[in-house]
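Shown next: final-v8.cif, containing mmCIF, C-alpha atoms and all ligand atoms.
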data_upload
#
loop_
_atom_site.label_atom_id
_atom_site.label_comp_id
_atom_site.auth_asym_id
_atom_site.auth_seq_id
_atom_site.Cartn_x
_atom_site.Cartn_y
_atom_site.Cartn_z
CA MET A 1 4.40 17.43 10.74
CA GLU A 2 7.40 17.75 8.46
CA PHE A 3 6.86 18.91 4.87
CA PHE A 4 8.68 17.17 2.05
CA VAL A 5 8.23 18.33 -1.54
CA ASP A 6 7.57 15.66 -4.14
CA THR A 7 9.49 16.82 -7.20
CA ALA A 8 12.87 16.66 -8.92
CA ASP A 9 12.47 20.17 -10.33
CA ILE A 10 15.23 22.24 -8.76
CA ASN A 11 13.52 25.57 -9.50
CA GLU A 12 10.32 24.48 -7.76
CA ILE A 13 12.32 23.27 -4.76
CA ARG A 14 14.27 26.53 -4.61
CA GLU A 15 11.06 28.60 -4.69
CA LEU A 16 9.42 26.67 -1.83
CA ASN A 17 12.65 26.58 0.14
CA GLU A 18 12.72 30.40 0.15
CA LEU A 19 9.51 30.25 2.18
CA GLY A 20 11.20 27.91 4.68
CA VAL A 21 8.64 25.14 4.32
CA VAL A 22 10.83 22.40 2.84
CA ASP A 23 12.05 19.87 5.41
CA GLY A 24 13.02 17.35 2.74
CA VAL A 25 12.45 16.16 -0.83
CA THR A 26 11.12 12.98 -2.40
CA THR A 27 11.81 11.86 -5.95
CA ASN A 28 10.92 8.75 -7.92
CA PRO A 29 11.79 7.44 -11.41
CA SER A 30 8.75 9.21 -12.94
CA LEU A 31 9.78 12.54 -11.40
CA ILE A 32 13.37 12.06 -12.64
CA LEU A 33 11.96 11.46 -16.14
CA LYS A 34 9.86 14.64 -15.85
CA SER A 35 12.93 16.66 -14.79
CA GLY A 36 14.85 15.57 -17.90
CA ARG A 37 18.01 15.40 -15.75
CA ALA A 38 20.52 12.66 -14.89
CA ILE A 39 19.57 11.17 -11.50
CA LEU A 40 22.98 11.60 -9.82
CA ASP A 41 23.35 15.21 -11.03
CA VAL A 42 19.90 16.43 -10.05
CA THR A 43 19.97 14.57 -6.73
CA LYS A 44 23.32 16.15 -5.85
CA GLU A 45 21.98 19.60 -6.70
CA ILE A 46 18.91 19.04 -4.50
CA CYS A 47 21.07 17.77 -1.62
CA ASP A 48 23.27 20.87 -1.85
CA LEU A 49 20.14 23.03 -1.47
CA ILE A 50 18.20 21.10 1.17
CA ASP A 51 19.60 19.97 4.53
CA GLY A 52 16.86 17.42 5.27
CA PRO A 53 16.36 13.94 3.78
CA VAL A 54 16.30 13.69 -0.02
CA SER A 55 14.79 10.42 -1.26
CA ALA A 56 16.33 8.85 -4.36
CA GLU A 57 14.85 5.59 -5.63
CA VAL A 58 16.61 2.42 -6.77
CA VAL A 59 15.39 0.75 -9.96
CA ALA A 60 16.79 -2.76 -9.48
CA THR A 61 14.37 -5.48 -8.34
CA GLN A 62 16.76 -8.03 -6.78
CA ALA A 63 18.05 -7.35 -3.26
CA ASP A 64 21.77 -7.49 -4.11
CA ALA A 65 21.40 -5.07 -7.00
CA MET A 66 19.14 -2.81 -4.91
CA ILE A 67 21.81 -2.70 -2.21
CA ALA A 68 24.50 -1.82 -4.78
CA GLU A 69 22.33 0.95 -6.27
CA GLY A 70 21.39 2.18 -2.79
CA ARG A 71 25.07 2.45 -1.81
CA LYS A 72 25.81 4.41 -4.99
CA LEU A 73 22.89 6.79 -4.41
CA ALA A 74 23.91 7.26 -0.76
CA GLN A 75 27.38 8.37 -1.89
CA VAL A 76 25.80 11.47 -3.46
CA ALA A 77 25.38 13.17 -0.06
CA SER A 78 24.93 12.35 3.61
CA ASN A 79 21.25 13.40 3.52
CA ILE A 80 20.19 10.85 0.89
CA ALA A 81 17.37 8.51 1.92
CA VAL A 82 17.50 5.43 -0.29
CA LYS A 83 14.03 4.72 -1.60
CA LEU A 84 13.15 1.04 -1.92
CA PRO A 85 9.89 -0.54 -3.11
CA LEU A 86 7.87 -2.57 -0.64
CA THR A 87 8.75 -6.01 -1.98
CA TRP A 88 10.46 -8.94 -0.28
CA ASP A 89 13.74 -7.96 -1.94
CA GLY A 90 13.16 -4.31 -1.05
CA LEU A 91 12.81 -5.21 2.62
CA LYS A 92 15.96 -7.36 2.51
CA ALA A 93 17.83 -4.40 1.03
CA CYS A 94 16.26 -2.16 3.69
CA LYS A 95 17.63 -4.32 6.48
CA THR A 96 21.16 -4.24 5.03
CA LEU A 97 21.23 -0.53 4.18
CA THR A 98 19.80 0.59 7.54
CA HIS A 99 22.39 -1.58 9.32
CA GLU A 100 25.02 0.37 7.38
CA GLY A 101 23.55 3.56 8.87
CA LYS A 102 21.82 4.78 5.71
CA MET A 103 18.35 6.36 5.77
CA VAL A 104 15.79 4.23 3.92
CA ASN A 105 12.37 5.26 2.63
CA VAL A 106 10.22 2.20 1.86
CA THR A 107 7.82 3.23 -0.86
CA LEU A 108 4.72 1.96 -2.68
CA CYS A 109 3.03 0.93 0.59
CA PHE A 110 -0.67 0.12 0.24
CA SER A 111 -1.46 -1.94 3.35
CA ALA A 112 -0.89 -1.80 7.09
CA ASN A 113 0.73 -5.24 7.03
CA GLN A 114 3.28 -3.97 4.52
CA ALA A 115 3.98 -1.04 6.83
CA LEU A 116 4.41 -3.39 9.79
CA LEU A 117 7.01 -5.40 7.88
CA ALA A 118 8.85 -2.24 6.80
CA ALA A 119 9.09 -1.10 10.41
CA LYS A 120 10.44 -4.49 11.45
CA ALA A 121 13.02 -4.25 8.65
CA GLY A 122 14.20 -0.97 10.21
CA ALA A 123 12.86 1.52 7.65
CA THR A 124 13.48 5.17 8.47
CA PHE A 125 10.33 6.18 6.56
CA ILE A 126 7.29 4.28 5.31
CA SER A 127 5.48 5.88 2.36
CA PRO A 128 1.79 4.92 2.14
CA PHE A 129 0.30 6.26 -1.13
CA VAL A 130 -2.98 7.90 -0.16
CA GLY A 131 -4.01 9.31 -3.56
CA ARG A 132 -3.47 6.06 -5.44
CA LEU A 133 -5.76 4.23 -2.98
CA ASP A 134 -8.39 6.94 -3.43
CA ASP A 135 -8.00 6.41 -7.21
CA ILE A 136 -9.35 2.86 -6.82
CA ASN A 137 -12.22 3.92 -4.52
CA LEU A 138 -10.52 3.01 -1.24
CA ASP A 139 -9.97 5.53 1.55
CA GLY A 140 -6.24 6.17 1.59
CA MET A 141 -6.52 8.10 4.82
CA ASP A 142 -7.78 5.00 6.65
CA LEU A 143 -4.40 3.44 5.90
CA ILE A 144 -2.53 6.34 7.50
CA ALA A 145 -4.71 6.00 10.63
CA ASP A 146 -4.20 2.22 10.80
CA ILE A 147 -0.42 2.51 10.47
CA ARG A 148 -0.36 5.28 13.13
CA THR A 149 -2.22 2.98 15.55
CA ILE A 150 0.01 -0.02 14.87
CA TYR A 151 3.27 1.94 15.11
CA ASP A 152 2.12 3.56 18.37
CA ASN A 153 1.03 0.18 19.79
CA TYR A 154 4.60 -1.07 19.51
CA THR A 155 6.56 2.21 19.58
CA PHE A 156 8.17 1.59 16.20
CA GLY A 157 10.54 4.43 15.30
CA THR A 158 9.74 4.33 11.57
CA LYS A 159 8.29 7.66 10.45
CA ILE A 160 4.97 7.68 8.60
CA LEU A 161 5.44 9.68 5.41
CA SER A 162 1.99 10.38 3.90
CA ALA A 163 2.61 10.24 0.15
CA SER A 164 0.64 10.67 -3.05
CA MET A 165 -1.00 13.77 -1.55
CA ARG A 166 -3.32 15.11 -4.21
CA SER A 167 -5.24 17.76 -2.25
CA VAL A 168 -4.97 20.14 0.68
CA ASN A 169 -7.45 17.94 2.54
CA HIS A 170 -5.04 15.02 2.29
CA ILE A 171 -2.45 17.17 4.06
CA PHE A 172 -4.94 18.39 6.69
CA GLU A 173 -6.16 14.88 7.45
CA SER A 174 -2.61 13.49 7.60
CA ALA A 175 -1.76 16.16 10.19
CA LEU A 176 -4.90 15.37 12.21
CA ILE A 177 -4.09 11.66 12.28
CA GLY A 178 -0.50 12.37 13.25
CA ALA A 179 1.55 11.39 10.22
CA ASP A 180 5.17 12.36 10.94
CA VAL A 181 5.80 13.71 7.45
CA MET A 182 3.87 14.39 4.28
CA THR A 183 5.16 14.76 0.75
CA ALA A 184 3.19 16.70 -1.85
CA PRO A 185 3.79 18.30 -5.24
CA PRO A 186 4.64 22.03 -5.13
CA ASP A 187 1.24 23.13 -6.48
CA VAL A 188 -0.61 21.33 -3.67
CA ILE A 189 1.67 22.88 -1.03
CA LYS A 190 1.09 26.34 -2.51
CA LYS A 191 -2.69 25.84 -2.33
CA LEU A 192 -2.43 25.62 1.47
CA THR A 193 -2.31 29.45 1.65
CA ARG A 194 -5.61 29.89 -0.16
CA HIS A 195 -8.91 30.89 1.44
CA PRO A 196 -11.66 32.97 -0.20
CA LEU A 197 -12.20 34.94 3.02
CA THR A 198 -8.51 35.87 3.04
CA ASP A 199 -8.86 37.23 -0.52
CA LYS A 200 -12.12 39.02 0.33
CA GLY A 201 -10.73 40.52 3.53
CA LEU A 202 -7.57 41.70 1.80
CA ASP A 203 -9.57 43.36 -1.00
CA GLN A 204 -11.59 45.24 1.64
CA PHE A 205 -8.49 46.35 3.56
CA MET A 206 -6.82 47.55 0.34
CA ALA A 207 -9.90 49.50 -0.72
CA ASP A 208 -10.24 51.18 2.70
CA TRP A 209 -6.52 51.95 2.85
CA LYS A 210 -6.69 53.71 -0.51
CA LYS A 211 -9.47 55.94 0.88
CA THR A 212 -7.23 57.05 3.77
CA GLY A 213 -4.85 58.65 1.26
CA GLN A 214 -1.92 57.52 3.44
CA GLU A 215 1.37 55.78 2.60
CA ILE A 216 3.56 53.70 4.93
CA LEU A 217 6.80 54.23 2.97
C1 LIG B 1 6.20 9.60 -2.94
O1 LIG B 1 7.30 9.41 -2.52
C2 LIG B 1 5.83 9.51 -4.35
O2 LIG B 1 6.89 10.04 -5.11
C3 LIG B 1 4.59 10.29 -4.69
O3 LIG B 1 3.98 10.81 -3.54
C4 LIG B 1 3.66 9.59 -5.61
O4 LIG B 1 2.57 10.42 -5.88
P1 LIG B 1 1.56 10.14 -7.07
O5 LIG B 1 0.70 8.98 -6.69
O6 LIG B 1 0.75 11.40 -7.19
O7 LIG B 1 2.40 9.87 -8.28
#
Starting from the file, lay out its structure as structure tokens.
Amino acid sequence: MEFFVDTADINEIRELNELGVVDGVTTNPSLILKSGRAILDVTKEICDLIDGPVSAEVVATQADAMIAEGRKLAQVASNIAVKLPLTWDGLKACKTLTHEGKMVNVTLCFSANQALLAAKAGATFISPFVGRLDDINLDGMDLIADIRTIYDNYTFGTKILSASMRSVNHIFESALIGADVMTAPPDVIKKLTRHPLTDKGLDQFMADWKKTGQEIL
């Protein structure tokens, strides 16, 4: 499973990238607001740092305007994935932009039927929002499993990008189901290293090492 980081904070991206775990980046208008940066500037900086797909979202709601914004965003760098909302106009824009050879990430997906349509419109990525379904007492992970089954039934090439990952279990379950990609905030990705037995074992090793009186360097 590929790991995308869900942030527009260049310092956070740089830190995770040093560990070699960043295969791509996703942003959205809320994350751009949080960064306090101009969308074209920060997106360019992220694209210079990361080789993989960097999603940048349009804000128009009519297909023609979405296409125009998508073309402008795609000019930032060759690894831009134009992010489009899963609306009728968004899918029309998806069809046009993918035919032009641009990567498209169809976002705000909350049903398997929406994901089916996005695949038929040629989306490069479909972003089902797991955490936001959990927020309304639905099981977001069921949606990932349903989309996996449907895409495999018909060998659609659209990649399932598990989004709105709020916990390490979301990531684990996405990997078990076979999502192609997941995108999570930096703090959730960092939590993947944590295990109390790792901490306990390390404390024991450090204490015993001290007793040996040895040094490696
Ligand atoms: C994905 O592309 C979205 O930017 C993101 O995963 C949304 O997550 P949230 O529901 O935690 O805001």
Practice problem: Give the residue list for ligand LIG 1 (chain B) at 10 Å, counting only C-alpha atoms and all ligand atoms, as a PyMOL selection string, sorted by chain and then by residue number. | Solution: chain A and resi 4-8+25-31+55-57+83+105-109+126-135+161-166+182-185
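For the residues A:Val58, A:Leu197, A:Met206, A:Ile46, ranking by smallest atom-to-atom distance to Asn17 of chain A using all atoms listed in the file places A:Ile46 first.
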Quiz item: Within 10 Å of Ser78 of chain A, counting all atoms listed in the file, which residues qualify if same-chain residues fewer than 5 places away don't, as a VMD selection string?
Solution: chain A and resid 47 51 to 54 73 102 to 103
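Pairwise distance (atom CA of Cys94 of chain A, atom CA of Ile50 of chain A) equals 23.5 Å.
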Self-check item: Surrounding residues of segment 142-150 of chain A excluding itself and chain neighbours under 2 positions, 6 Å, all atoms listed in the file, as a list in words
Solution: Ala112, Asp139, Gly140, Asp152, Asn153 and Ile177 of chain A
Any chance you could turn segment 130-149 of chain A into a file with N, CA and C atoms, as an mmCIF file, in the first residue's frame?
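result_8.cif written:
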data_model
loop_
_atom_site.group_PDB
_atom_site.id
_atom_site.type_symbol
_atom_site.label_atom_id
_atom_site.label_comp_id
_atom_site.auth_asym_id
_atom_site.auth_seq_id
_atom_site.Cartn_x
_atom_site.Cartn_y
_atom_site.Cartn_z
ATOM 1 N N VAL A 130 -13.214 7.548 5.020
ATOM 2 C CA VAL A 130 -13.561 6.588 6.064
ATOM 3 C C VAL A 130 -13.977 7.279 7.367
ATOM 4 N N GLY A 131 -13.144 8.191 7.862
ATOM 5 C CA GLY A 131 -13.397 8.819 9.158
ATOM 6 C C GLY A 131 -14.708 9.588 9.205
ATOM 7 N N ARG A 132 -15.043 10.240 8.091
ATOM 8 C CA ARG A 132 -16.279 11.043 8.106
ATOM 9 C C ARG A 132 -17.516 10.149 8.102
ATOM 10 N N LEU A 133 -17.404 8.927 7.559
ATOM 11 C CA LEU A 133 -18.524 7.976 7.671
ATOM 12 C C LEU A 133 -18.622 7.473 9.107
ATOM 13 N N ASP A 134 -17.465 7.161 9.703
ATOM 14 C CA ASP A 134 -17.471 6.740 11.114
ATOM 15 C C ASP A 134 -18.109 7.827 11.996
ATOM 16 N N ASP A 135 -17.845 9.097 11.640
ATOM 17 C CA ASP A 135 -18.388 10.219 12.425
ATOM 18 C C ASP A 135 -19.910 10.188 12.505
ATOM 19 N N ILE A 136 -20.557 9.618 11.463
ATOM 20 C CA ILE A 136 -22.035 9.576 11.493
ATOM 21 C C ILE A 136 -22.528 8.154 11.770
ATOM 22 N N ASN A 137 -21.687 7.395 12.507
ATOM 23 C CA ASN A 137 -22.069 6.042 12.954
ATOM 24 C C ASN A 137 -22.265 5.029 11.831
ATOM 25 N N LEU A 138 -21.549 5.234 10.713
ATOM 26 C CA LEU A 138 -21.510 4.202 9.671
ATOM 27 C C LEU A 138 -20.100 3.619 9.697
ATOM 28 N N ASP A 139 -19.927 2.424 9.127
ATOM 29 C CA ASP A 139 -18.593 1.821 9.133
ATOM 30 C C ASP A 139 -17.879 2.174 7.823
ATOM 31 N N GLY A 140 -16.984 3.162 7.914
ATOM 32 C CA GLY A 140 -16.284 3.619 6.720
ATOM 33 C C GLY A 140 -15.479 2.517 6.046
ATOM 34 N N MET A 141 -15.023 1.570 6.848
ATOM 35 C CA MET A 141 -14.191 0.511 6.277
ATOM 36 C C MET A 141 -14.995 -0.432 5.384
ATOM 37 N N ASP A 142 -16.309 -0.565 5.664
ATOM 38 C CA ASP A 142 -17.168 -1.369 4.788
ATOM 39 C C ASP A 142 -17.146 -0.801 3.366
ATOM 40 N N LEU A 143 -17.080 0.528 3.281
ATOM 41 C CA LEU A 143 -17.071 1.159 1.958
ATOM 42 C C LEU A 143 -15.797 0.798 1.193
ATOM 43 N N ILE A 144 -14.669 0.791 1.892
ATOM 44 C CA ILE A 144 -13.405 0.424 1.224
ATOM 45 C C ILE A 144 -13.518 -1.011 0.696
ATOM 46 N N ALA A 145 -14.062 -1.910 1.517
ATOM 47 C CA ALA A 145 -14.184 -3.317 1.100
ATOM 48 C C ALA A 145 -15.130 -3.449 -0.095
ATOM 49 N N ASP A 146 -16.244 -2.720 -0.072
ATOM 50 C CA ASP A 146 -17.204 -2.801 -1.192
ATOM 51 C C ASP A 146 -16.569 -2.300 -2.496
ATOM 52 N N ILE A 147 -15.860 -1.187 -2.393
ATOM 53 C CA ILE A 147 -15.244 -0.635 -3.617
ATOM 54 C C ILE A 147 -14.177 -1.598 -4.139
ATOM 55 N N ARG A 148 -13.402 -2.203 -3.201
ATOM 56 C CA ARG A 148 -12.363 -3.168 -3.623
ATOM 57 C C ARG A 148 -13.014 -4.306 -4.429
ATOM 58 N N THR A 149 -14.133 -4.827 -3.897
ATOM 59 C CA THR A 149 -14.820 -5.938 -4.578
ATOM 60 C C THR A 149 -15.305 -5.508 -5.962
#
